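Student: Pasting a structure below so you can have a look.
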Amino acid sequence: MDVDLRPVRKLRESAATRQALGPIIEAVCTSPADLATLRIVCDWIQYKQNFRPPVASRKIGAIGTEIAVDLRRCADIAPGDAEAEIKNALADPAGLPLEPWVPGRDSCIWRFNALYWQFLSEWEKATGRQYEQSLPGGESDARNTEAASELILELFRIWDELDARRALPDELYILELGVGNGSQARTWLDEFVQLDRRHGRDYYRRLRYLMGDYSPHVLERARRAVAHHAERISALVVDATRPGITLGFLNSKAFLVYISNVYDNLPTDELACIHGRTYQVQTQAYLTDDDADAIAAQSGTPRPALPKLIDRLLRIGPELLSESAPSHFPDTVAAVGFWRAVWEALKLKERYVPLEGLDSYPLTPDLTGEILRPLIEADGDVRMHVSNGALASLTGTLPLLHPFGRVQCHDLFLTGAQQYHTGFYGPGKYDGSVVNWVNGPLLQLVASRRGFGVQFAPFRQRPGSNITTLTAQARD
Amino acid sequence: MILPTTVVGSYSVPEWLERLKTEYYQRRISAQHLAEIHEVAIKAAVKDQELAGIDIVSDGELRRDNDVDYFLARIPGVHIPQRAKTDYFDYYDAEVTRPLPESPDDKDTALDLANDYKFTRQLTQKPVKFSFTGPFSLSRRIRDGAYERPGDLVRALARRLNAEARALAAAGADFLQVDEPFLAGYPEHVELAVEAVNIVTENVDVTWALHVCYGNRYARPSWEGHYDFLFPAVQAARVDQIVLEFARKGLDDLRLIGQHGWDKWLGFGVIDVKTSEVETPELVAARIRRALEYVPAGRLMINPDCGLRHLAPEVARRKLRAMVAGVAAVRAELPGGDTP
């Protein structure tokens with residue numbers, strides 16, 4: 001039996017967790033499970049809102065079982081209850097499934113995520129706070145004039161050089177993907193105007209600042225924040241995972257693509273290498289029996305009808321749901337209440353399905369899993385995100401860059417594959433959205449195969465933050 | 001034949017071949033096995049071009065890891081400290097610490113390009129174009145710790161390539177092309193680059209082409225701009241043809257051909273090699289008709305913008321077929337154009 005304890009630091013810090021582990025392992029050992037094919041993996045799930053019960057079981061193909069333990073919550077399990085917890089996990093109660101087994105990126109949690117951004121204003125009205133307040137520190141990392149100034153001066157240097165060789169385009173494109181409330185754009189453009197005046201080359205006149213976001217609501221709010229730069233701004237609804245569809249005209253033209261806190265919020269699969277064999281992690285969203293009963297009662301819906309009702313919410317949104325089912329939801333607020341209750345209760349079952357050849361696994365529409373081989377071969381038994389959405393976004397963004405352009409991206413990046421051996425990096429719930437750390441080494445590898453060097457650096461403007469800055473530029 | 005069709009040089013490198021090349025650079029397969037794999041791939045590339053109807057074919061440069069290292073790794077005096085690669089396409093770090101040894105009496109043809117040519121020659125009845133990277137571009141990937149004057153490294157490389165060119169001609173090559181993919185990034189050095197090209201072509205009696213593009217590394221342009229910088233310096237190049245990209249950049253620079261009175265051949269790029277979107281024959285034909293406003297049909301050769309190496313095999317085949325069909329349509333409109 002393998003026991004894989006990942007969060008070493010947390011174990012050292014928490015005596016209660018260490019004490020709770022003994023009874024859990026004892027309970028596993030005395031269970032009827034086949035210990036020769038059993039693994040125990042222990043993670044510290046740092047997200048208070050997440051998709052996992054404290055103890056769960058996962059099938060490994062047809063040959064084994066994994067017991068997954070959340071170390072943060074296992075301290076709450078009384079020693080006398082450990083046996084019952086393990087027994088319950090191994091029994092794998094069905095609850096109320098909301099979908100069939102699917103790869104992680106196809107899970108309905110991403111439909112919830114999309115719903116959140118699409119109906120953000122309704123969510124905010126219901127919760128009484130704007131989404132920025134739910135970010136760590138209460139605001140996004142996008143308001144720093146020093147960072148903006150550095151980038152702008154570097155652009156001026158490049159533009160001066162290109163101008164000297166008559167290679168400077170008439171229009172100078174900057175693209176921001178994921179515009180938040182517009183504060184990044186406002187800070188950046190205000191700073192640009194000042195520095196351009198001092199520089200004296202009138203680049204502002206040639207500047208085209210494109211704001212792209214998935215949510216029309218967010219985009220409109222951001223556009224208002226930069227109304228005083230209206231002649232330089234275009235706002236476009238952009239699917240971050242397929243930027244080329246909307247922004248194809250920008251190919252080889254963008255001098256800077258700025259992306260902040262987008263990648264962690266894009267769909268991803270996870271792959272695992274267990275005893276040298278590669279598996280895809282499949283998931284199934286469900287509600288526990290207790291949660292399903294409570295939500296059914298609150299919404300006046302028979303429990304078996306809940307999955308259809310939830311699917312309807314995800315298809316048409318809370319406003320139309322209340323209009324179409326006024327007896328259940330007299331107004332939008334009630335429909336949002338239903339949405340929030342389901343989201344809060346939502347859990348994911350997981351299982352490992354053998355992958356038959358990396359090249360048969362479509363990582364993105366343009367990329368097979370073959371690219372993963374060096375990472376998998378280098379890191380032994382590991383479970384990792386393959387960050388499909390972030391990869392599709394980055395690989396769709398790189399062609400937009402001018403030969404002297406760069407992508408700058410602030411996000412939750414792992415910067416070394418070994419981090420997967422020592423910590424948990426999602427998925428978690430962040431307000432109404434999903435958060436996953438992004439597999440930085442994979443992005444680095446893929447960008448490298450496209451001729452771009454990728455560097456990671458701590459987010460200097462907020463020391464101690466989990467945010468890392470990725471910079472991608474053409475190399476050679 | 002009017003409006004002969006050709007390729008710039010490189011041909012589609014399939015993903016499996018990329019993987020095998022990388023395996024070699026990670027020392028997982030032998031040089032002998034890789035050489036055999038290359039031969040099979042070259043045969044397929046030549047066959048693809050023939051089937052597409054290309055008039056003048058190439059070996060697809062499939063032996064080369066990239067446009068620079070294949071040469072630098074074989075030039076005596078170029079030091080490459082680390083020859084293993086994470087990916088075959090990566091560039092080596094190369095340096096020279098003392099002047100390159102000269103090739104005595106042209107006997108030392110260490111690059112052995114003539115042998116590469118001979119292999120291709122026996123595969124096909126079609127005319128063969130053989131291309132190699134020019135001295136200026138090669139020099140941009142070498143850390144020069146040997147020469148007082150920066151241009152001297154370029155000239156030394158040019159003399160080395162001249163020896164190779166002579167050997168190529170002796171082996172029967174009659175159409176050689178010098179590629180300068182880095183030149184557009186250093187327009188201030190165009191005179192030096194032309195001087196070096198003239199060293200390469202000196203006393204080598206073949207048809208010479210000079211290809212200048214904006215880079216095709218990873219199917220991306222390395223630079224942007226216009227071909228203005230080439231003129232008038234390129235007029236002094238002892239070549240018979242310049243091969244330029246137009247499909248991706250647009251046809252504006254055609255005006256330079258007329259404006260500067262370029263009276264030699266133009267290798268006219270009608271296929272964008274940086275997109276997998278396949279041009280229609282009608283679009284190719286329209287581009288050629290536009291070029292004919294500046295260059296007579298008797299001095300126009302039709303080719304893609306640059307090498308096809310980054311395109312998927314099927315896309316490369318379809319693009320070549322579209323090019324040939326577009327040319328056929330224009331030929332049919334020209335006096336005597338429908339006779340082969």
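In the structure tokens, each chain is lettered A, B, ... as it comes, each chain's residues begin at 1, and ligands are numbered from 1 in order of appearance.
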Per residue of chain B within 8 Å of chain A, what are the shortest atom pair and its distance in Å to one decimal, counting only C-alpha atoms, with rows by chain and residue number, as JSON lines?

Tutor:
{"residue": "B:Asp87", "atom": "CA", "partner": "A:Arg449", "partner_atom": "CA", "distance": 8.0}
{"residue": "B:Tyr91", "atom": "CA", "partner": "A:Asp476", "partner_atom": "CA", "distance": 7.5}
{"residue": "B:Pro187", "atom": "CA", "partner": "A:Arg165", "partner_atom": "CA", "distance": 7.8}
{"residue": "B:Arg217", "atom": "CA", "partner": "A:Gly451", "partner_atom": "CA", "distance": 7.0}
{"residue": "B:Tyr218", "atom": "CA", "partner": "A:Arg450", "partner_atom": "CA", "distance": 5.4}
{"residue": "B:Arg220", "atom": "CA", "partner": "A:Pro399", "partner_atom": "CA", "distance": 7.4}
{"residue": "B:Pro221", "atom": "CA", "partner": "A:Pro403", "partner_atom": "CA", "distance": 6.4}
{"residue": "B:Ser222", "atom": "CA", "partner": "A:Pro403", "partner_atom": "CA", "distance": 5.3}
{"residue": "B:Trp223", "atom": "CA", "partner": "A:Pro403", "partner_atom": "CA", "distance": 5.6}
{"residue": "B:Glu224", "atom": "CA", "partner": "A:Ala167", "partner_atom": "CA", "distance": 6.3}
{"residue": "B:Gly225", "atom": "CA", "partner": "A:Ala167", "partner_atom": "CA", "distance": 4.6}
{"residue": "B:His226", "atom": "CA", "partner": "A:Ala167", "partner_atom": "CA", "distance": 7.4}

Student: Skip Arg224 (chain A) itself and residues of its chain fewer than 4 positions away, then list as a list in words all residues within 10 Å of it, counting only C-alpha atoms.

Tutor: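 After dropping sequence-adjacent residues, the list is Asn181, Gly182, Arg186, Leu219, Glu220, His228, His229 and Ala230 of chain A.
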
Student: Using only C-alpha atoms, please write the residues we just selected to a file, as an mmCIF file, in the first residue's frame.

Tutor:
data_model
loop_
_atom_site.group_PDB
_atom_site.id
_atom_site.type_symbol
_atom_site.label_atom_id
_atom_site.label_comp_id
_atom_site.auth_asym_id
_atom_site.auth_seq_id
_atom_site.Cartn_x
_atom_site.Cartn_y
_atom_site.Cartn_z
ATOM 1 C CA ASN A 181 -13.150 46.410 -13.803
ATOM 2 C CA GLY A 182 -10.929 48.406 -16.126
ATOM 3 C CA ARG A 186 -7.012 53.026 -16.815
ATOM 4 C CA LEU A 219 -16.381 44.635 -20.553
ATOM 5 C CA GLU A 220 -18.946 47.397 -20.327
ATOM 6 C CA HIS A 228 -11.530 59.359 -21.231
ATOM 7 C CA HIS A 229 -9.392 57.265 -23.596
ATOM 8 C CA ALA A 230 -12.373 56.296 -25.746
#

Student: Measuring between only C-alpha atoms, which one of A:Tyr203, A:Phe456, A:Phe249, A:Phe112 shows the shortest distance to Ile158 (chain A)?

Tutor: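 Among the listed residues, the smallest separation from Ile158 (chain A) belongs to A:Tyr203.
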
Student: So which bits of region 172-345 of chain A end up helix (DSSP H, G or I) when you DSSP the backbone, as a ChimeraX atom specification?

Tutor: /A:183-199,204-206,216-225,227-232,243-250,263-265,289-299,303-324,332-345

Student: Interatomic distance between CA of Phe268 (chain B) and CA of Ala169 (chain B)?

Tutor: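 Rounded to one decimal, the two atoms are 24.7 Å apart.
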
Student: Give me the residues near Tyr88 (chain B) as a ChimeraX atom specification, where near means some atom within 6 Å (using only C-alpha atoms) and where sequence neighbours in that chain fewer than 6 positions away do not count.

Tutor: /B:21-22,65

Student: Would you mind exporting the chosen residues as a compact mmCIF listing (two decimals), in the first residue's frame, restricted to N, CA and C atoms?

Tutor:
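Result written to selection.txt:
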# COMPACT_ATOMS: atom_id res chain seq x y z
N LYS B 21 14.14 13.19 -34.76
CA LYS B 21 15.32 14.06 -34.76
C LYS B 21 15.71 14.42 -33.33
N THR B 22 14.70 14.74 -32.53
CA THR B 22 14.99 15.07 -31.13
C THR B 22 15.58 13.87 -30.40
N ASP B 65 18.78 20.14 -39.06
CA ASP B 65 18.04 20.35 -37.82
C ASP B 65 17.39 21.72 -37.82

Student: Report, in Å with one decimal, the straight-line distance from CA of Ile63 (chain A) to CA of Val281 (chain A).

Tutor: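 According to the coordinates, CA of Ile63 (chain A) and CA of Val281 (chain A) are separated by 15.0 Å.
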
Student: Step one, run DSSP on the backbone; step two, keep only residues of region 141-235 of chain A assigned to strand (DSSP E or B); then write them as a count of residues only.

Tutor: 16

Student: Please list as a PyMOL selection string every residue within 6 Å of region 269-280 of chain A, counting only C-alpha atoms and excluding residues in the same chain fewer than 5 positions away.

Tutor: chain A and resi 104-105+352-355+381-386

Student: Leaving out Leu20 (chain B) and any residue of its chain fewer than 6 positions from it, which residues lie within 12 Å of it when counting only C-alpha atoms, given as an MDAnalysis selection string?

Tutor: chainID B and resid 13:14 26:31 33:38 41 63 65 87:89

Student: Return the single residue from B:Val206, B:Val78, B:Ile242, B:Leu230 that is closest to Ile142 (chain B), with distances computed using only C-alpha atoms.

Tutor: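 Comparing B:Val206, B:Val78, B:Ile242, B:Leu230 against Ile142 (chain B), the winner is B:Val78.
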
Student: Would you pick out the contacts of Pro7 (chain A) at 9 Å or less, using only C-alpha atoms, so that residues sharing its chain but fewer than 3 positions from it are not included, and give the list as a list of chain:residue names?

Tutor: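 Surrounding residues, per the criterion: A:Lys10, A:Leu11, A:Arg12, A:Cys42, A:Asp43, A:Trp44, A:Leu71, A:His421, A:Thr422, A:Gly423, A:Phe424.
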
Student: Which residues, written as a ChimeraX atom specification, have at least one atom at most 9 Å from Gln19 (chain A), with only C-alpha atoms counted and residues fewer than 5 positions away on the same chain left out?

Tutor: /A:14,75,79

Student: Please write the residues from the selection above to a file, keeping N, CA and C atoms, as an mmCIF file, in the first residue's frame.

Tutor:
data_model
loop_
_atom_site.group_PDB
_atom_site.id
_atom_site.type_symbol
_atom_site.label_atom_id
_atom_site.label_comp_id
_atom_site.auth_asym_id
_atom_site.auth_seq_id
_atom_site.Cartn_x
_atom_site.Cartn_y
_atom_site.Cartn_z
ATOM 1 N N SER A 14 0.950 21.218 11.777
ATOM 2 C CA SER A 14 -0.322 20.882 12.400
ATOM 3 C C SER A 14 -0.269 19.551 13.150
ATOM 4 N N ALA A 75 -8.480 16.622 10.602
ATOM 5 C CA ALA A 75 -8.337 16.856 12.047
ATOM 6 C C ALA A 75 -9.709 16.959 12.718
ATOM 7 N N PRO A 79 -11.321 10.425 16.321
ATOM 8 C CA PRO A 79 -10.663 9.123 16.112
ATOM 9 C C PRO A 79 -11.664 7.979 16.005
#

Student: Can you work out which one of B:Val234, B:Val212, B:Leu244, B:Leu138 has the shortest atom-to-atom distance to Trp262 (chain B), counting only C-alpha atoms?

Tutor: B:Val234

Student: For the atom pair CA of Ile152 (chain A) and CA of Ile259 (chain A), what is the interatomic distance in Å to one decimal place?

Tutor: 15.5 Å
